[in-house]
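Please read the structure below before turning to the comments.
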Amino acid sequence: MVNEKSIKEKALELGYEDCGIISISEINDYMEKLNNRIGKFPNTKKYLENFSRFVNLNEGFPWAKSIIICVQKYGKYIIPNNLKNVIAKYYLVDGRINEQSVDFQASIEFETFLNKAGLKTATERKFGLTALRWAAFKAGLGIIRRNNFFYTEKSGSWVYLEAWLIDCDMEMKNNNNSKPCPNNCNKCIKACPTQSLCEPYVMNRSTCVSCLTTWEGWDMSKEPNNHNIGNWIYGCDVCQDACPFNKNKWMENEQFPQLNELAEHISLEKIIEMDYAYLESIISSKFFYIGKNDVYKWKTNALNAMLNNYNENYLPYIKKACNDSNEHVRTMAEWVLEKITVQLSCPRG
Ligand code: SF4
Ligand code: SF4
């Protein structure tokens with residue numbers, strides 16, 4: 001007979017760091033958090049309103065009674081040097097979508113175990129069916145820190161969360177003993193390159209580099225924060241890297257499938273020359289926050305990074321991009337070229 005104990009044992013056996021279970025009603029106060037965020041940043045209302053689906057789960061799943069929430073550590077993989085501080089680490093080792101990864105396989109096996117035990121389940125691996133950080137916090141698996149990331153004592157914020165709705169009343173909570181953020185700490189806020197993280201627990205998604213380099217940032221030449229994005233071309237780890245609770249928590253001791261091979265294809269210069277078919281098939285399927293129709297953004301992001309840390313080796317690539325088949329890329333490249341020409345003609349001006 002399956003019960004809370006056997007579910008947790010199975011999760012740990014499959015390599016999850018931890019597992020908890022809460023009633024689905026416990027997630028409902030997430031709505032208050034969401035409304036507070038919308039009140040602070042009304043311009044993000046149209047995006048944030050979508051997250052109201054994360055509460056009142058019985059509307060979509062009338063049979064659901066509890067939420068199983070599992071913590072999976074990703075801060076264990078070797079990150080290729082050339083991709084550090086260019087692509088956010090999570091997206092390089094994203095076990096939600098790489099079917100060959102042990103993390104993905106553990107997820108499938110865990111769900112099979114639940115189903116074989118007679119539980120009805122629902123999950124959504126890419127975006128989650130509910131507010132994952134809030135659910136994990138409610139289950140006592142860790143805490144949400146001032147940079148809004150979920151942390152466990154063992155792995156810091158280098159974890160991702162998976163949730164399953166189940167049709168059975170269960171509860172399994174930990175006594176979370178994580179120390180809170182020190183009163184005087186604001187390292188994450190100070191480090192944020194765009195001031196998107198403007199106060200504790202408050203992040204403006206419209207100015208966050210993670211958003212600007214993926215699903216937002218439609219015209220990088222007109223983006224007011226383009227010069228603050230630095231080298232990043234997909235995501236941003238700055239507010240996590242700056243946090244003392246992440247110090248020495250990333251252990252580079254496992255290989256993520258196909259990551260080294262992929263890394264050989266990625267550099268700012270290689271992206272400028274990258275074939276659109278490759279961007280649409282290989283790159284877009286791994287880094288799914290830039291969809292197939294928007295893969296030109298990889299090139300406009302690379303051009304922006306070239307401008308932000310310009311060296312003369314980039315010049316032929318920027319010129320080449322002026323003849324790219326995509327109009328957005330041509331426009332961006334011409335703008336970058338113009339900026340560089342001005343910079344070079346008055347270097348201190
Ligand atoms: S991910 Fe980067 S831009 Fe976004 S809040 Fe954190 S430091 Fe700021
Ligand atoms: S940097 Fe400081 S304030 Fe920010 S999340 Fe870490 S401990 Fe908390």
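Following the order of the structure tokens, chains are lettered A, B, ..., residues in each are numbered from 1, and ligands are numbered from 1.
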Tell me, as a list in words, which residues lie within 12 Å of Asn115 in chain A, counting only C-alpha atoms; anything in the same chain fewer than 2 positions away does not count.
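The contact residues come out as Val2, Ile7, Ile108, Glu109, Phe110, Glu111, Thr112, Phe113, Ala117, Gly118, Leu119, Lys120, Thr121, Ala122, Trp164, Leu165, Ile166 and Asp167 of chain A.
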Need to verify the contact set: Arg146 in chain A, 12 Å, only C-alpha atoms, exclusion of same-chain residues closer than 3 positions in sequence. Can you return it as a ChimeraX atom specification?
/A:143,149-151,157,180-190,197-203,239-240,242-243,245
Grab the CA of Val86 in chain A to CA of Val159 in chain A distance for me, in Å with one decimal place.
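Computing the Euclidean distance for CA of Val86 in chain A and CA of Val159 in chain A yields 19.6 Å.
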Nearby residues, ligand 1, 8 Å, only C-alpha atoms and all ligand atoms, as a list of chain:residue names
A:Asn147, A:Cys188, A:Ile189, A:Ala191, A:Cys192, A:Pro193, A:Thr194, A:Gln195, A:Ser196, A:Leu197, A:Met203, A:Asn204, A:Arg205, A:Thr207, A:Cys208, A:Val209, A:Ser210, A:Cys211, A:Ile229, A:Gly235, A:Cys236, A:Asp237, A:Val238, A:Cys239, A:Gln240
From a DSSP calculation on the backbone, collect every residue of range 40-211 of chain A in alpha helix (DSSP H) and output the set as a PyMOL selection string.
chain A and resi 40+45-48+89-92+102-116+132-138+187-191+209-211
